[in-house]
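Shown here: entry_12.csv, CSV, C-alpha atoms (C1' of nucleotides).
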chain,number,residue,atom,x,y,z
A,1,MET,CA,-3.1,-15.8,24.7
A,2,LYS,CA,-4.4,-14.3,21.5
A,3,ILE,CA,-2.0,-12.3,19.3
A,4,THR,CA,-2.6,-9.6,16.8
A,5,PRO,CA,-0.3,-7.9,14.2
A,6,ASN,CA,0.0,-4.9,16.6
A,7,ILE,CA,1.2,-7.1,19.5
A,8,LEU,CA,3.4,-9.1,17.2
A,9,TYR,CA,5.1,-5.9,16.2
A,10,GLU,CA,5.6,-4.6,19.7
A,11,ILE,CA,7.0,-7.9,21.0
A,12,LEU,CA,9.4,-8.5,18.1
A,13,LEU,CA,10.6,-4.9,18.3
A,14,ASP,CA,11.2,-5.2,22.0
A,15,GLU,CA,12.9,-8.6,21.7
A,16,LEU,CA,15.0,-8.1,18.6
A,17,GLY,CA,15.4,-4.4,18.3
A,18,ILE,CA,15.3,-2.1,15.3
A,19,GLN,CA,16.5,-3.7,12.1
A,20,LYS,CA,18.0,-1.7,9.3
A,21,TRP,CA,16.4,-2.5,6.0
A,22,TRP,CA,16.5,-2.8,3.1
A,23,PRO,CA,20.3,-3.6,3.0
A,24,VAL,CA,21.7,-1.1,0.5
A,25,ASP,CA,25.3,0.1,0.2
A,26,SER,CA,24.5,3.8,0.2
A,27,SER,CA,28.2,4.9,0.1
A,28,TYR,CA,28.5,3.1,-3.3
A,29,HIS,CA,25.6,5.2,-4.7
A,30,LYS,CA,27.1,8.4,-3.3
A,31,ASN,CA,30.4,7.8,-5.1
A,32,HIS,CA,28.8,6.8,-8.3
A,33,SER,CA,25.8,9.1,-8.3
A,34,SER,CA,23.5,6.2,-9.0
A,35,ASP,CA,20.0,5.6,-7.7
A,36,PRO,CA,19.9,3.3,-4.6
A,37,ARG,CA,16.3,2.6,-5.4
A,38,PHE,CA,17.3,0.6,-8.5
A,39,GLU,CA,19.5,-1.5,-6.3
A,40,VAL,CA,16.5,-2.4,-4.2
A,41,MET,CA,14.5,-3.3,-7.3
A,42,VAL,CA,17.2,-5.5,-8.6
A,43,GLY,CA,17.7,-7.1,-5.2
A,44,ALA,CA,14.0,-7.8,-4.9
A,45,ILE,CA,14.2,-9.9,-8.1
A,46,LEU,CA,17.5,-11.5,-7.2
A,47,THR,CA,16.3,-12.6,-3.7
A,48,GLN,CA,13.3,-14.6,-5.0
A,49,ASN,CA,13.5,-17.9,-3.2
A,50,THR,CA,17.2,-17.3,-2.6
A,51,ALA,CA,19.5,-16.7,0.4
A,52,TRP,CA,20.5,-13.1,0.7
A,53,SER,CA,24.2,-14.0,1.0
A,54,ASN,CA,24.0,-15.2,-2.6
A,55,VAL,CA,22.2,-12.1,-3.7
A,56,GLU,CA,25.0,-10.0,-2.3
A,57,LYS,CA,27.6,-11.8,-4.4
A,58,ALA,CA,25.5,-11.0,-7.5
A,59,LEU,CA,25.0,-7.3,-6.5
A,60,THR,CA,28.8,-7.0,-5.8
A,61,ASN,CA,29.5,-8.3,-9.3
A,62,LEU,CA,27.2,-5.6,-10.8
A,63,LYS,CA,28.8,-2.9,-8.7
A,64,ILE,CA,32.4,-3.9,-9.6
A,65,LYS,CA,31.5,-3.7,-13.3
A,66,LYS,CA,29.7,-0.4,-12.5
A,67,ILE,CA,26.5,-1.6,-14.3
A,68,LEU,CA,24.0,-1.3,-11.5
A,69,GLU,CA,22.1,1.4,-13.4
A,70,ILE,CA,18.9,1.3,-15.4
A,71,GLU,CA,20.3,2.5,-18.7
A,72,LYS,CA,23.3,0.2,-18.6
A,73,ILE,CA,21.3,-2.9,-17.8
A,74,SER,CA,18.6,-2.1,-20.4
A,75,ASN,CA,21.4,-2.1,-23.0
A,76,ILE,CA,23.5,-4.9,-21.6
A,77,ASP,CA,24.2,-8.2,-23.4
A,78,LEU,CA,21.9,-10.8,-21.8
A,79,GLU,CA,24.6,-13.4,-21.7
A,80,HIS,CA,26.9,-11.0,-19.8
A,81,LEU,CA,24.2,-10.2,-17.3
A,82,ARG,CA,23.6,-14.0,-16.7
A,83,GLU,CA,27.3,-14.4,-15.8
A,84,MET,CA,27.2,-11.4,-13.4
A,85,ILE,CA,24.3,-12.7,-11.4
A,86,LYS,CA,25.1,-16.4,-11.5
A,87,PRO,CA,25.7,-16.7,-7.7
A,88,SER,CA,22.1,-15.8,-7.0
A,89,GLY,CA,20.8,-18.9,-8.7
A,90,PHE,CA,17.9,-19.1,-11.2
A,91,PHE,CA,20.2,-16.8,-13.2
A,92,ASN,CA,18.6,-17.4,-16.6
A,93,GLN,CA,15.1,-16.2,-15.7
A,94,LYS,CA,16.4,-13.6,-13.3
A,95,ALA,CA,18.7,-12.0,-15.9
A,96,GLN,CA,15.7,-11.8,-18.3
A,97,ARG,CA,13.5,-10.3,-15.6
A,98,ILE,CA,16.0,-7.7,-14.5
A,99,LYS,CA,16.6,-6.7,-18.1
A,100,ASN,CA,12.9,-6.5,-18.8
A,101,LEU,CA,12.4,-4.2,-15.8
A,102,ALA,CA,15.3,-2.0,-16.7
A,103,SER,CA,14.1,-1.7,-20.3
A,104,HIS,CA,10.6,-0.8,-19.1
A,105,LEU,CA,11.9,2.0,-16.9
A,106,HIS,CA,14.2,3.2,-19.6
A,107,ASN,CA,11.6,3.2,-22.4
A,108,ASN,CA,8.7,4.7,-20.4
A,109,TYR,CA,10.5,6.9,-17.8
A,110,HIS,CA,13.8,7.8,-19.4
A,111,SER,CA,15.5,5.8,-16.6
A,112,ASP,CA,14.2,8.4,-14.1
A,113,LEU,CA,12.8,6.7,-11.0
A,114,ASN,CA,11.4,10.0,-9.7
A,115,CYS,CA,9.0,9.9,-12.7
A,116,PHE,CA,8.2,6.2,-12.1
A,117,PHE,CA,7.5,6.6,-8.3
A,118,ASP,CA,5.7,9.9,-8.8
A,119,GLN,CA,2.5,8.0,-9.5
A,120,GLU,CA,-0.3,6.6,-7.4
A,121,LEU,CA,0.5,3.5,-5.5
A,122,PHE,CA,-2.1,1.2,-7.2
A,123,ILE,CA,-0.9,2.4,-10.7
A,124,ILE,CA,2.7,1.5,-9.9
A,125,ARG,CA,1.7,-1.8,-8.3
A,126,ASN,CA,-0.4,-2.9,-11.3
A,127,GLU,CA,2.4,-1.8,-13.6
A,128,LEU,CA,5.0,-3.8,-11.7
A,129,LEU,CA,2.7,-6.9,-11.6
A,130,SER,CA,2.2,-6.7,-15.4
A,131,LEU,CA,6.0,-7.3,-15.9
A,132,ASN,CA,7.0,-10.9,-16.3
A,133,GLY,CA,8.8,-12.2,-13.2
A,134,ILE,CA,7.4,-9.6,-10.8
A,135,GLY,CA,4.7,-11.1,-8.5
A,136,PRO,CA,3.0,-9.6,-5.5
A,137,GLU,CA,5.8,-9.9,-3.0
A,138,THR,CA,8.5,-8.5,-5.4
A,139,ALA,CA,6.2,-5.7,-6.4
A,140,ASP,CA,5.3,-4.8,-2.8
A,141,SER,CA,9.0,-5.0,-1.7
A,142,ILE,CA,9.8,-2.5,-4.4
A,143,LEU,CA,6.9,-0.2,-3.4
A,144,LEU,CA,7.8,-0.3,0.3
A,145,TYR,CA,11.6,-0.4,0.3
A,146,ALA,CA,12.4,1.6,-2.9
A,147,GLY,CA,9.3,3.8,-3.2
A,148,ASN,CA,8.6,4.3,0.5
A,149,PHE,CA,4.9,3.6,0.0
A,150,PRO,CA,2.7,2.3,2.9
A,151,ILE,CA,2.2,-1.3,1.8
A,152,PHE,CA,2.8,-4.4,3.8
A,153,VAL,CA,5.0,-7.2,2.3
A,154,VAL,CA,3.8,-10.7,2.8
A,155,ASP,CA,6.3,-13.5,2.3
A,156,ALA,CA,6.6,-17.2,3.1
A,157,TYR,CA,7.8,-16.3,6.6
A,158,THR,CA,4.7,-14.2,7.3
A,159,LYS,CA,2.5,-17.0,6.1
A,160,ARG,CA,4.4,-19.5,8.3
A,161,ILE,CA,4.0,-17.6,11.6
A,162,CYS,CA,0.4,-16.8,10.8
A,163,LYS,CA,-0.2,-20.5,10.6
A,164,ARG,CA,1.8,-21.5,13.6
A,165,LEU,CA,0.8,-18.8,16.1
A,166,PRO,CA,-2.0,-18.7,14.8
A,167,ILE,CA,-3.1,-15.4,13.4
A,168,LYS,CA,-6.2,-15.9,11.4
A,169,ALA,CA,-5.4,-13.6,8.5
A,170,GLY,CA,-6.6,-15.7,5.6
A,171,ASP,CA,-4.8,-17.9,3.1
A,172,SER,CA,-4.1,-15.8,0.0
A,173,TYR,CA,-1.5,-13.1,-0.3
A,174,ASP,CA,-4.1,-10.4,-0.7
A,175,GLU,CA,-6.1,-11.5,2.3
A,176,ILE,CA,-3.1,-11.6,4.6
A,177,GLN,CA,-1.8,-8.3,3.4
A,178,LEU,CA,-5.2,-6.6,3.9
A,179,PHE,CA,-5.6,-8.1,7.3
A,180,PHE,CA,-2.2,-6.8,8.6
A,181,GLN,CA,-2.9,-3.4,7.0
A,182,ARG,CA,-6.3,-3.1,8.6
A,183,GLU,CA,-5.1,-4.1,12.0
A,184,LEU,CA,-2.0,-1.8,12.0
A,185,ASN,CA,-4.1,1.0,10.5
A,186,LYS,CA,-6.2,1.1,13.6
A,187,LYS,CA,-3.3,2.2,15.7
A,188,TYR,CA,-0.9,4.3,13.5
A,189,ASN,CA,-1.4,7.3,11.1
A,190,THR,CA,-0.3,7.0,7.5
A,191,GLU,CA,3.1,8.6,8.0
A,192,LYS,CA,3.9,6.1,10.7
A,193,LEU,CA,2.5,3.2,8.8
A,194,THR,CA,5.2,3.1,6.1
A,195,GLN,CA,7.7,2.9,8.9
A,196,ILE,CA,5.8,0.2,10.7
A,197,TYR,CA,5.3,-2.0,7.6
A,198,ASN,CA,9.0,-1.6,6.8
A,199,GLU,CA,10.1,-2.6,10.3
A,200,LEU,CA,7.6,-5.4,10.9
A,201,HIS,CA,8.5,-7.2,7.7
A,202,ALA,CA,12.2,-6.9,8.6
A,203,LEU,CA,11.5,-8.2,12.2
A,204,ILE,CA,9.5,-11.1,10.8
A,205,VAL,CA,12.4,-12.1,8.6
A,206,ILE,CA,15.0,-12.0,11.4
A,207,PHE,CA,12.6,-13.7,13.8
A,208,VAL,CA,11.9,-16.6,11.5
A,209,LYS,CA,15.6,-17.0,10.5
A,210,ASN,CA,16.6,-17.2,14.2
A,211,TYR,CA,13.7,-19.0,15.8
A,212,CYS,CA,10.7,-20.0,13.7
A,213,LYS,CA,12.7,-22.1,11.2
A,214,LYS,CA,11.2,-24.9,9.2
A,215,ARG,CA,12.3,-27.0,12.2
A,216,PRO,CA,11.6,-24.4,14.9
A,217,GLU,CA,13.6,-23.7,18.1
A,218,CYS,CA,10.6,-23.1,20.3
A,219,CYS,CA,12.5,-23.5,23.6
A,220,LYS,CA,14.3,-20.1,23.2
A,221,CYS,CA,11.5,-18.4,21.2
A,222,PRO,CA,10.6,-15.0,22.6
A,223,ILE,CA,6.9,-15.3,21.7
A,224,ARG,CA,6.4,-18.9,22.7
A,225,LYS,CA,3.6,-18.0,25.2
A,226,TYR,CA,1.5,-16.7,22.3
A,227,CYS,CA,2.0,-19.8,20.2
A,228,ASN,CA,0.1,-23.0,19.8
A,229,PHE,CA,2.5,-24.8,17.5
B,1,DG,C1',25.3,-36.0,0.6
B,2,DT,C1',20.9,-33.5,2.0
B,3,DC,C1',18.3,-29.6,3.0
B,4,DC,C1',17.1,-25.0,2.4
B,5,DA,C1',16.7,-20.0,1.1
B,6,DG,C1',13.2,-12.8,1.9
B,7,DG,C1',8.9,-16.4,-5.5
B,8,DG,C1',6.9,-16.6,-9.8
B,9,DC,C1',5.5,-18.9,-14.0
B,10,DC,C1',3.3,-22.4,-16.5
B,11,DG,C1',0.8,-26.5,-17.3
B,12,DT,C1',-2.5,-29.7,-15.4
B,13,DT,C1',-6.5,-30.9,-12.6
C,1,DA,C1',-9.0,-21.7,-8.1
C,2,DA,C1',-5.6,-24.8,-6.6
C,3,DC,C1',-1.6,-27.5,-7.0
C,4,DG,C1',3.0,-29.5,-8.7
C,5,DG,C1',7.1,-29.1,-11.3
C,6,DC,C1',10.6,-26.2,-12.5
C,7,DC,C1',14.3,-22.9,-12.1
C,8,DA,C1',20.1,-23.1,-9.6
C,9,DT,C1',23.7,-21.4,-6.5
C,10,DG,C1',26.1,-21.7,-2.1
C,11,DG,C1',26.1,-22.2,3.0
C,12,DA,C1',24.8,-25.0,7.0
structure tokens encoding of this file:
Amino acid sequence: MKITPNILYEILLDELGIQKWWPVDSSYHKNHSSDPRFEVMVGAILTQNTAWSNVEKALTNLKIKKILEIEKISNIDLEHLREMIKPSGFFNQKAQRIKNLASHLHNNYHSDLNCFFDQELFIIRNELLSLNGIGPETADSILLYAGNFPIFVVDAYTKRICKRLPIKAGDSYDEIQLFFQRELNKKYNTEKLTQIYNELHALIVIFVKNYCKKRPECCKCPIRKYCNF
DNA sequence: GTCCAGGGCCGTT
DNA sequence: AACGGCCATGGA
């Protein structure tokens, strides 16, 4: 049986239920009047090729020290930042990347994310991509989960299930992204699309973690009948 | 001990 | 354009 992004979304939602994403500790930001969108941005860099459990440790360190804010990180000593995020791995490059991002936001937007996100999608995307250490997936995660823009995030998991099922969406990041957006765009209006992109990416992550692992557990897979792997 | 995780950069073909 | 090496910690 042939499967499309629309069907994939319906089945995964039906089988796995609504996921709550992106994981952000909103009570922390209420108590500290900080911007949860910046936590998403930092998390997006920290989670590059890294297990989320390790990212949480790094984020917790930043919260304990109360430095999960644009202005503070743009001024922080780099060596100190390295120590804080050490559990997330790749801490040398990630510390530099996070500091660069914070400095950019501080210098160009006075640390005000409303100013930053109050621009057109493609402007923000190109700006993020111009920063060292922010590639297409990190940029799109920030746009979708921090900026609430309608853009579909493609990751290694998405590529894996496209290959295995298969869904012929292309090979490159941009091809796969445009394919999913075109298909889902046929069925949902723009308001709804942001929500669908958000949920589908979350569903794909949970699904791959539980079933479509590197060594897959096909016997209990909920979409086995659509799959040729 | 081995494998792997919600990428991206840089140098080489 | 495509590919390989590299970055690093912690859990399974």
Non-local contacts of region 3-9 of chain B (7 Å; all atoms listed in the file; under 6 positions in same chain excluded) as an MDAnalysis selection string: chainID A and resid 47:51 133 135 155 205
Counting all atoms listed in the file, which residues of chain A come no farther than 8 Å from chain C, as number ranges by chain? A: 54, 86-91, 93
Distance of CA of Glu199 (chain A) from CA of Cys219 (chain A), expressed in Å to one decimal place: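 Computed distance, CA of Cys219 (chain A) to CA of Glu199 (chain A), equals 24.9 Å.
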Neighbouring residues of region 208-210 of chain A were defined as those with any atom within 10 Å, considering all atoms listed in the file; residues of the same chain fewer than 2 positions away were excluded. Please report them as an NGL selection string. (:A and (156-158 or 160-161 or 203-206 or 212-214 or 216-217 or 220-221)) or (:B and (5-6))
Expected file: the selected residues, C-alpha atoms (C1' of nucleotides), as an mmCIF file, keeping the file's coordinate frame:
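The result, written out as again-v9.cif:
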data_model
loop_
_atom_site.group_PDB
_atom_site.id
_atom_site.type_symbol
_atom_site.label_atom_id
_atom_site.label_comp_id
_atom_site.auth_asym_id
_atom_site.auth_seq_id
_atom_site.Cartn_x
_atom_site.Cartn_y
_atom_site.Cartn_z
ATOM 1 C CA ALA A 156 6.600 -17.200 3.100
ATOM 2 C CA TYR A 157 7.800 -16.300 6.600
ATOM 3 C CA THR A 158 4.700 -14.200 7.300
ATOM 4 C CA ARG A 160 4.400 -19.500 8.300
ATOM 5 C CA ILE A 161 4.000 -17.600 11.600
ATOM 6 C CA LEU A 203 11.500 -8.200 12.200
ATOM 7 C CA ILE A 204 9.500 -11.100 10.800
ATOM 8 C CA VAL A 205 12.400 -12.100 8.600
ATOM 9 C CA ILE A 206 15.000 -12.000 11.400
ATOM 10 C CA CYS A 212 10.700 -20.000 13.700
ATOM 11 C CA LYS A 213 12.700 -22.100 11.200
ATOM 12 C CA LYS A 214 11.200 -24.900 9.200
ATOM 13 C CA PRO A 216 11.600 -24.400 14.900
ATOM 14 C CA GLU A 217 13.600 -23.700 18.100
ATOM 15 C CA LYS A 220 14.300 -20.100 23.200
ATOM 16 C CA CYS A 221 11.500 -18.400 21.200
ATOM 17 C "C1'" DA B 5 16.700 -20.000 1.100
ATOM 18 C "C1'" DG B 6 13.200 -12.800 1.900
#
Rounded to one decimal place, report the CA of Cys162 (chain A)-CA of Ile176 (chain A) distance in Å. 8.8 Å
Between CA of Val40 (chain A) and CA of Leu143 (chain A), distance in Å (one decimal):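 CA of Val40 (chain A) sits 9.9 Å away from CA of Leu143 (chain A).
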Restricting the calculation to all atoms listed in the file, which member of A:Leu59, A:Met1, A:Leu121, A:Val153 is positioned closest to Ile196 (chain A)?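 The shortest atom-to-atom distance to Ile196 (chain A) comes from A:Val153.
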Pick out the closest residue to chain B from this set: A:Ile123, A:Leu184, A:Leu46, A:Leu113. Count only C-alpha atoms (C1' of nucleotides).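 Closest to chain B, using only C-alpha atoms (C1' of nucleotides): A:Leu46.
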Among the residues A:Ile134, A:Ile98, A:Ala58, A:Ile76, the one that comes closest to chain B [using all atoms listed in the file]: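 Closest candidate: A:Ile134.
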With distances taken over all atoms listed in the file, which residue among A:Lys94, A:His80, A:Arg125, A:Lys163 lies nearest chain B? A:Lys94
Selected residue of minimal separation from chain B among A:Asn148, A:Thr138, A:Gln181, A:Asn198, counting all atoms listed in the file: A:Thr138
Contacts of Glu71 (chain A) at 9 Å or less, counting only C-alpha atoms (C1' of nucleotides), minus same-chain residues fewer than 2 places along, as a VMD selection string? chain A and resid 67 to 69 73 to 76 102 to 103 105 to 106 110 to 111
Spatial neighbours of Asn31 (chain A), 12 Å, all atoms listed in the file, chain gap at least 6 places, as number ranges by chain: A: 25, 63, 66
Produce a file of the selected residues containing C-alpha atoms, as an mmCIF file, keeping the file's coordinate frame.
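Generated file (again.cif):
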data_model
loop_
_atom_site.group_PDB
_atom_site.id
_atom_site.type_symbol
_atom_site.label_atom_id
_atom_site.label_comp_id
_atom_site.auth_asym_id
_atom_site.auth_seq_id
_atom_site.Cartn_x
_atom_site.Cartn_y
_atom_site.Cartn_z
ATOM 1 C CA ASP A 25 25.300 0.100 0.200
ATOM 2 C CA LYS A 63 28.800 -2.900 -8.700
ATOM 3 C CA LYS A 66 29.700 -0.400 -12.500
#
